[in-house]
Amino acid sequence: MLEKVRIVLVNTTHPGNIGGVARAMKNMGLSDLCLVAPKEFPSEVADARASGALDILANATVVPDLQEALADCQLVVGTSARERHIPWPLVNPREMASIVVPAPQKTAIVFGREDRGLTNEELQLCHHHVNIPSVENFSSLNVAAAVQVIAYELRMEQLAVEKRENVGSDRPDWGTDWDIELADHEELERMFAHLEETLIDIEFLDPENPRQLMPRMRRLLMRAVPDKVEVNVLRGVLKAMQRKLTKSGR
């Protein structure tokens with residue numbers, strides 16, 4: 001989903017910022033970098049700041065003006081910390097990501113100069129303006145930091161879309177790939193039968209007056225969505241309890 005997103009830097013003065021942007025992009029899965037008339041590029045300083053993202057710099061496109069950078073894009077978002085005299089559609093980074101990620105269009109996100117951002121004329125080339133809501137008395141962000149914020153929100157929206165697409169999967173979302181296959185229905189039922197048997201053995205469960213103990217135990221353990229190893233561990237504990245009872249003559 002992020003392959004369609006191009007990061008455009010306009011008239012970047014310090015090459016280290018270009019390297020920092022490349023690193024921020026690679027961290028979040030972006031790869032299309034376009035530089036509009038940078039003061040210095042290529043640069044050893046940019047390479048040093050990229051820190052492992054040299055492929056982003058090697059594949060970066062350098063163009064003479066913003067119009068050329070946007071020529072093949074259908075959606076353009078400009079970043080700005082300044083209010084415009086004429087109201088323009090303004091979104092925060094999270095709202096921007098919710099617009100950009102699901103959209104099929106090739107999208108450019110444009111970042112301005114370190115000292116003065118984008119001009120009014122450049123912002124008028126954009127469909128949306130995005131503003132990072134930093135504190136009012138210190139709103140200026142380093143361009144690499146600004147790209148990192150925007151790239152992070154794009155990445156989070158991408159993950160959210162993928163999660164929504166996976167709704168209905170029999171695997172719960174724990175934010176990571178699980179290392180063990182989940183227990184199947186038959187294994188769970190054997191575990192619950194073993195648990196009930198053991199609770200009766202230790203006289204915790206009265207079979208003549210069970211109340212809601214087993215349904216509540218079932219709800220507790222089912223809520224955990226145990227995997228095969230966890231079920232086996234629990235059943236091992238139950239067996240150990242039963243052996244202990246047998247040795248004590250109960």
# chains A, B, ... in the order shown; residues from 1 in each chain; ligands from 1
>>> closest_atom_pairs(of="stretch 130-232 of chain A", to="stretch 72-81 of chain A", cutoff="9 Å", atoms="only C-alpha atoms", output="Markdown table")
| residue | atom | partner | partner_atom | distance |
| --- | --- | --- | --- | --- |
| A:Val130 | CA | A:Thr79 | CA | 4.9 |
| A:Asn131 | CA | A:Ser80 | CA | 5.5 |
| A:Ile132 | CA | A:Ala81 | CA | 7.2 |
| A:Pro133 | CA | A:Ala81 | CA | 8.4 |
| A:Ser134 | CA | A:Ala81 | CA | 8.9 |
| A:Ser139 | CA | A:Ala81 | CA | 6.8 |
| A:Ser140 | CA | A:Ala81 | CA | 7.0 |
| A:Leu141 | CA | A:Ala81 | CA | 8.9 |
| A:Ala146 | CA | A:Thr79 | CA | 8.8 |
>>> write_last_selection(atoms="N, CA, C and O atoms", output="CSV table (one decimal), in the first residue's frame")
chain,number,residue,atom,x,y,z
A,130,VAL,N,-1.3,19.1,5.4
A,130,VAL,CA,-1.2,18.4,6.6
A,130,VAL,C,-0.4,19.2,7.6
A,130,VAL,O,0.7,19.7,7.2
A,131,ASN,N,-0.8,19.3,8.8
A,131,ASN,CA,-0.1,20.0,9.9
A,131,ASN,C,0.1,19.1,11.1
A,131,ASN,O,-0.8,18.5,11.6
A,132,ILE,N,1.4,19.0,11.5
A,132,ILE,CA,1.8,18.3,12.6
A,132,ILE,C,1.5,19.1,13.9
A,132,ILE,O,2.1,20.2,14.0
A,133,PRO,N,0.6,18.7,14.8
A,133,PRO,CA,0.1,19.6,15.9
A,133,PRO,C,1.1,19.7,17.0
A,133,PRO,O,0.9,19.3,18.1
A,134,SER,N,2.3,20.3,16.7
A,134,SER,CA,3.3,20.5,17.7
A,134,SER,C,2.8,21.7,18.6
A,134,SER,O,1.9,22.4,18.2
A,139,SER,N,6.8,25.4,17.0
A,139,SER,CA,6.1,24.5,16.1
A,139,SER,C,7.0,24.0,14.9
A,139,SER,O,6.6,23.1,14.2
A,140,SER,N,8.2,24.5,14.8
A,140,SER,CA,9.0,24.1,13.7
A,140,SER,C,9.7,22.8,13.9
A,140,SER,O,10.4,22.6,15.0
A,141,LEU,N,9.6,21.9,13.0
A,141,LEU,CA,10.2,20.6,13.1
A,141,LEU,C,11.4,20.4,12.1
A,141,LEU,O,11.2,20.9,11.0
A,146,ALA,N,9.9,15.6,10.8
A,146,ALA,CA,8.6,15.7,10.2
A,146,ALA,C,8.2,14.5,9.3
A,146,ALA,O,7.1,14.0,9.4
>>> select_by_dssp(residues="stretch 7-80 of chain A", states="alpha helix (DSSP H)", output="list of chain:residue names")
A:Pro15, A:Gly16, A:Asn17, A:Ile18, A:Gly19, A:Gly20, A:Val21, A:Ala22, A:Arg23, A:Ala24, A:Met25, A:Lys26, A:Asn27, A:Glu44, A:Val45, A:Ala46, A:Asp47, A:Ala48, A:Arg49, A:Ala50, A:Leu54, A:Asp55, A:Ile56, A:Leu57, A:Ala58, A:Leu66, A:Gln67, A:Glu68, A:Ala69
>>> write_last_selection(atoms="N, CA, C and O atoms", output="short mmCIF file (atom, residue, chain, number, x, y, z; two decimals), in the first residue's frame")
data_model
loop_
_atom_site.label_atom_id
_atom_site.label_comp_id
_atom_site.auth_asym_id
_atom_site.auth_seq_id
_atom_site.Cartn_x
_atom_site.Cartn_y
_atom_site.Cartn_z
N PRO A 15 22.46 18.50 3.40
CA PRO A 15 22.39 17.11 2.91
C PRO A 15 22.14 16.10 4.01
O PRO A 15 21.60 15.02 3.77
N GLY A 16 22.51 16.43 5.25
CA GLY A 16 22.26 15.51 6.35
C GLY A 16 20.78 15.26 6.55
O GLY A 16 20.36 14.16 6.93
N ASN A 17 19.98 16.28 6.27
CA ASN A 17 18.53 16.11 6.37
C ASN A 17 18.01 15.13 5.34
O ASN A 17 17.06 14.37 5.61
N ILE A 18 18.60 15.12 4.16
CA ILE A 18 18.19 14.15 3.14
C ILE A 18 18.50 12.74 3.60
O ILE A 18 17.67 11.82 3.46
N GLY A 19 19.67 12.55 4.20
CA GLY A 19 20.00 11.23 4.74
C GLY A 19 19.08 10.82 5.86
O GLY A 19 18.64 9.66 5.94
N GLY A 20 18.74 11.77 6.75
CA GLY A 20 17.82 11.48 7.84
C GLY A 20 16.44 11.10 7.33
O GLY A 20 15.78 10.21 7.88
N VAL A 21 15.99 11.77 6.28
CA VAL A 21 14.71 11.44 5.67
C VAL A 21 14.73 10.03 5.09
O VAL A 21 13.77 9.26 5.26
N ALA A 22 15.82 9.68 4.42
CA ALA A 22 15.93 8.33 3.83
C ALA A 22 15.82 7.26 4.91
O ALA A 22 15.14 6.24 4.74
N ARG A 23 16.46 7.50 6.04
CA ARG A 23 16.40 6.54 7.14
C ARG A 23 14.98 6.44 7.69
O ARG A 23 14.47 5.34 7.95
N ALA A 24 14.33 7.60 7.88
CA ALA A 24 12.96 7.60 8.39
C ALA A 24 12.03 6.86 7.44
O ALA A 24 11.14 6.11 7.87
N MET A 25 12.22 7.06 6.14
CA MET A 25 11.39 6.37 5.16
C MET A 25 11.57 4.86 5.23
O MET A 25 10.60 4.10 5.26
N LYS A 26 12.82 4.43 5.26
CA LYS A 26 13.07 2.98 5.27
C LYS A 26 12.54 2.33 6.54
O LYS A 26 12.04 1.20 6.51
N ASN A 27 12.62 3.04 7.68
CA ASN A 27 12.06 2.52 8.93
C ASN A 27 10.59 2.13 8.78
O ASN A 27 10.12 1.18 9.39
N GLU A 44 28.32 12.84 0.85
CA GLU A 44 28.80 11.89 1.85
C GLU A 44 28.10 12.11 3.19
O GLU A 44 27.89 11.17 3.95
N VAL A 45 27.73 13.36 3.45
CA VAL A 45 27.01 13.66 4.69
C VAL A 45 25.65 12.98 4.68
O VAL A 45 25.21 12.39 5.68
N ALA A 46 24.97 13.05 3.54
CA ALA A 46 23.67 12.39 3.42
C ALA A 46 23.82 10.88 3.59
O ALA A 46 23.02 10.24 4.28
N ASP A 47 24.86 10.32 2.97
CA ASP A 47 25.10 8.88 3.09
C ASP A 47 25.32 8.48 4.54
O ASP A 47 24.80 7.46 5.01
N ALA A 48 26.09 9.29 5.27
CA ALA A 48 26.38 8.97 6.67
C ALA A 48 25.12 9.02 7.52
O ALA A 48 24.89 8.16 8.38
N ARG A 49 24.26 10.01 7.29
CA ARG A 49 23.03 10.14 8.07
C ARG A 49 22.00 9.08 7.71
O ARG A 49 21.11 8.76 8.51
N ALA A 50 22.09 8.54 6.49
CA ALA A 50 21.10 7.55 6.06
C ALA A 50 21.20 6.27 6.87
O ALA A 50 20.20 5.57 7.07
N LEU A 54 20.95 3.52 2.31
CA LEU A 54 21.63 4.03 1.12
C LEU A 54 20.87 3.70 -0.16
O LEU A 54 20.98 4.41 -1.15
N ASP A 55 20.10 2.61 -0.14
CA ASP A 55 19.33 2.25 -1.33
C ASP A 55 18.27 3.31 -1.64
O ASP A 55 17.96 3.58 -2.80
N ILE A 56 17.71 3.93 -0.58
CA ILE A 56 16.74 5.00 -0.80
C ILE A 56 17.41 6.18 -1.51
O ILE A 56 16.87 6.75 -2.46
N LEU A 57 18.62 6.52 -1.06
CA LEU A 57 19.35 7.63 -1.69
C LEU A 57 19.78 7.28 -3.11
O LEU A 57 19.70 8.11 -4.02
N ALA A 58 20.24 6.05 -3.30
CA ALA A 58 20.71 5.64 -4.63
C ALA A 58 19.59 5.69 -5.66
O ALA A 58 19.83 5.97 -6.85
N LEU A 66 9.05 21.58 -8.59
CA LEU A 66 8.01 20.79 -7.94
C LEU A 66 7.01 20.25 -8.95
O LEU A 66 6.49 19.14 -8.79
N GLN A 67 6.71 21.02 -9.98
CA GLN A 67 5.77 20.56 -11.00
C GLN A 67 6.21 19.22 -11.59
O GLN A 67 5.39 18.31 -11.77
N GLU A 68 7.49 19.07 -11.85
CA GLU A 68 7.98 17.81 -12.41
C GLU A 68 7.89 16.68 -11.39
O GLU A 68 7.59 15.53 -11.73
N ALA A 69 8.13 16.99 -10.13
CA ALA A 69 8.05 15.97 -9.09
C ALA A 69 6.64 15.42 -8.95
O ALA A 69 6.45 14.26 -8.58
#
>>> residues_around(residues="A:Glu3", least_positions_apart="2", cutoff="7 Å", atoms="only C-alpha atoms", output="JSON, numbers by chain")
{"A": [1, 5, 30, 31]}
>>> select_by_dssp(residues="stretch 23-242 of chain A", states="strand (DSSP E or B)", output="PyMOL selection string")
chain A and resi 32-36+61-63+75-79+90-91+107-111+113+117+128-130+182+227
>>> closest_atom_pairs(of="stretch 214-248 of chain A", to="stretch 183-205 of chain A", cutoff="9 Å", atoms="only C-alpha atoms", output="Markdown table")
| residue | atom | partner | partner_atom | distance |
| --- | --- | --- | --- | --- |
| A:Met214 | CA | A:Glu196 | CA | 7.0 |
| A:Met217 | CA | A:Phe192 | CA | 8.5 |
| A:Arg218 | CA | A:Phe192 | CA | 7.2 |
| A:Met222 | CA | A:Leu188 | CA | 8.7 |
| A:Val225 | CA | A:Ala183 | CA | 8.0 |
| A:Pro226 | CA | A:Ala183 | CA | 6.2 |
| A:Asp227 | CA | A:Ala183 | CA | 4.6 |
| A:Lys228 | CA | A:Ala183 | CA | 4.4 |
| A:Val229 | CA | A:Ala183 | CA | 8.0 |
| A:Glu230 | CA | A:Ala183 | CA | 8.4 |
| A:Val231 | CA | A:Met191 | CA | 6.8 |
| A:Asn232 | CA | A:Met191 | CA | 8.3 |
| A:Leu234 | CA | A:Met191 | CA | 7.9 |
| A:Arg235 | CA | A:Met191 | CA | 6.4 |
| A:Leu238 | CA | A:Thr198 | CA | 6.4 |
| A:Lys239 | CA | A:Thr198 | CA | 8.2 |
| A:Met241 | CA | A:Thr198 | CA | 7.6 |
| A:Gln242 | CA | A:Thr198 | CA | 6.7 |
| A:Leu245 | CA | A:Ile202 | CA | 7.8 |
>>> write_last_selection(atoms="N, CA, C and O atoms", output="short mmCIF file (atom, residue, chain, number, x, y, z; two decimals), in the first residue's frame")
data_model
loop_
_atom_site.label_atom_id
_atom_site.label_comp_id
_atom_site.auth_asym_id
_atom_site.auth_seq_id
_atom_site.Cartn_x
_atom_site.Cartn_y
_atom_site.Cartn_z
N MET A 214 -17.66 -24.37 36.53
CA MET A 214 -17.06 -24.80 35.27
C MET A 214 -17.32 -23.83 34.12
O MET A 214 -16.41 -23.55 33.33
N MET A 217 -14.80 -21.12 34.70
CA MET A 217 -13.46 -21.59 34.39
C MET A 217 -13.27 -21.69 32.87
O MET A 217 -12.22 -21.34 32.32
N ARG A 218 -14.32 -22.16 32.21
CA ARG A 218 -14.27 -22.27 30.74
C ARG A 218 -14.12 -20.87 30.12
O ARG A 218 -13.33 -20.67 29.21
N MET A 222 -10.97 -19.88 27.91
CA MET A 222 -11.25 -19.62 26.51
C MET A 222 -10.87 -18.19 26.14
O MET A 222 -10.46 -17.91 25.01
N VAL A 225 -7.40 -17.93 24.85
CA VAL A 225 -7.12 -18.58 23.56
C VAL A 225 -5.81 -19.39 23.65
O VAL A 225 -4.82 -19.06 23.02
N PRO A 226 -5.79 -20.45 24.47
CA PRO A 226 -4.54 -21.18 24.71
C PRO A 226 -4.04 -21.92 23.48
O PRO A 226 -4.82 -22.38 22.65
N ASP A 227 -2.72 -21.99 23.38
CA ASP A 227 -2.12 -22.78 22.30
C ASP A 227 -1.89 -24.21 22.78
O ASP A 227 -2.20 -24.57 23.93
N LYS A 228 -1.35 -25.06 21.91
CA LYS A 228 -1.20 -26.48 22.23
C LYS A 228 -0.26 -26.71 23.41
O LYS A 228 -0.53 -27.56 24.28
N VAL A 229 0.83 -25.97 23.46
CA VAL A 229 1.78 -26.15 24.56
C VAL A 229 1.16 -25.72 25.88
O VAL A 229 1.32 -26.38 26.91
N GLU A 230 0.43 -24.61 25.87
CA GLU A 230 -0.20 -24.14 27.10
C GLU A 230 -1.23 -25.14 27.63
O GLU A 230 -1.32 -25.37 28.84
N VAL A 231 -1.98 -25.74 26.74
CA VAL A 231 -2.94 -26.78 27.15
C VAL A 231 -2.21 -27.96 27.76
O VAL A 231 -2.61 -28.51 28.81
N ASN A 232 -1.12 -28.37 27.13
CA ASN A 232 -0.34 -29.50 27.66
C ASN A 232 0.27 -29.18 29.02
O ASN A 232 0.33 -30.04 29.90
N LEU A 234 -0.94 -27.06 31.27
CA LEU A 234 -2.01 -27.08 32.25
C LEU A 234 -2.41 -28.50 32.61
O LEU A 234 -2.60 -28.84 33.79
N ARG A 235 -2.50 -29.36 31.62
CA ARG A 235 -2.86 -30.74 31.90
C ARG A 235 -1.76 -31.44 32.68
O ARG A 235 -2.03 -32.32 33.51
N LEU A 238 -2.37 -30.56 36.24
CA LEU A 238 -3.49 -31.34 36.77
C LEU A 238 -3.08 -32.77 37.10
O LEU A 238 -3.48 -33.32 38.13
N LYS A 239 -2.28 -33.38 36.22
CA LYS A 239 -1.80 -34.74 36.48
C LYS A 239 -0.94 -34.78 37.73
O LYS A 239 -1.02 -35.72 38.54
N MET A 241 -1.12 -32.83 40.31
CA MET A 241 -2.02 -32.70 41.46
C MET A 241 -2.68 -34.04 41.78
O MET A 241 -2.77 -34.46 42.95
N GLN A 242 -3.10 -34.75 40.74
CA GLN A 242 -3.75 -36.05 40.95
C GLN A 242 -2.77 -37.08 41.50
O GLN A 242 -3.13 -37.89 42.35
N LEU A 245 -2.35 -36.46 45.20
CA LEU A 245 -3.49 -36.97 45.95
C LEU A 245 -3.40 -38.47 46.12
O LEU A 245 -3.70 -39.01 47.20
#
>>> closest_residue(among="A:Val147, A:Leu154, A:Ser51, A:Cys34", to="A:Ile99", atoms="only C-alpha atoms")
A:Leu154
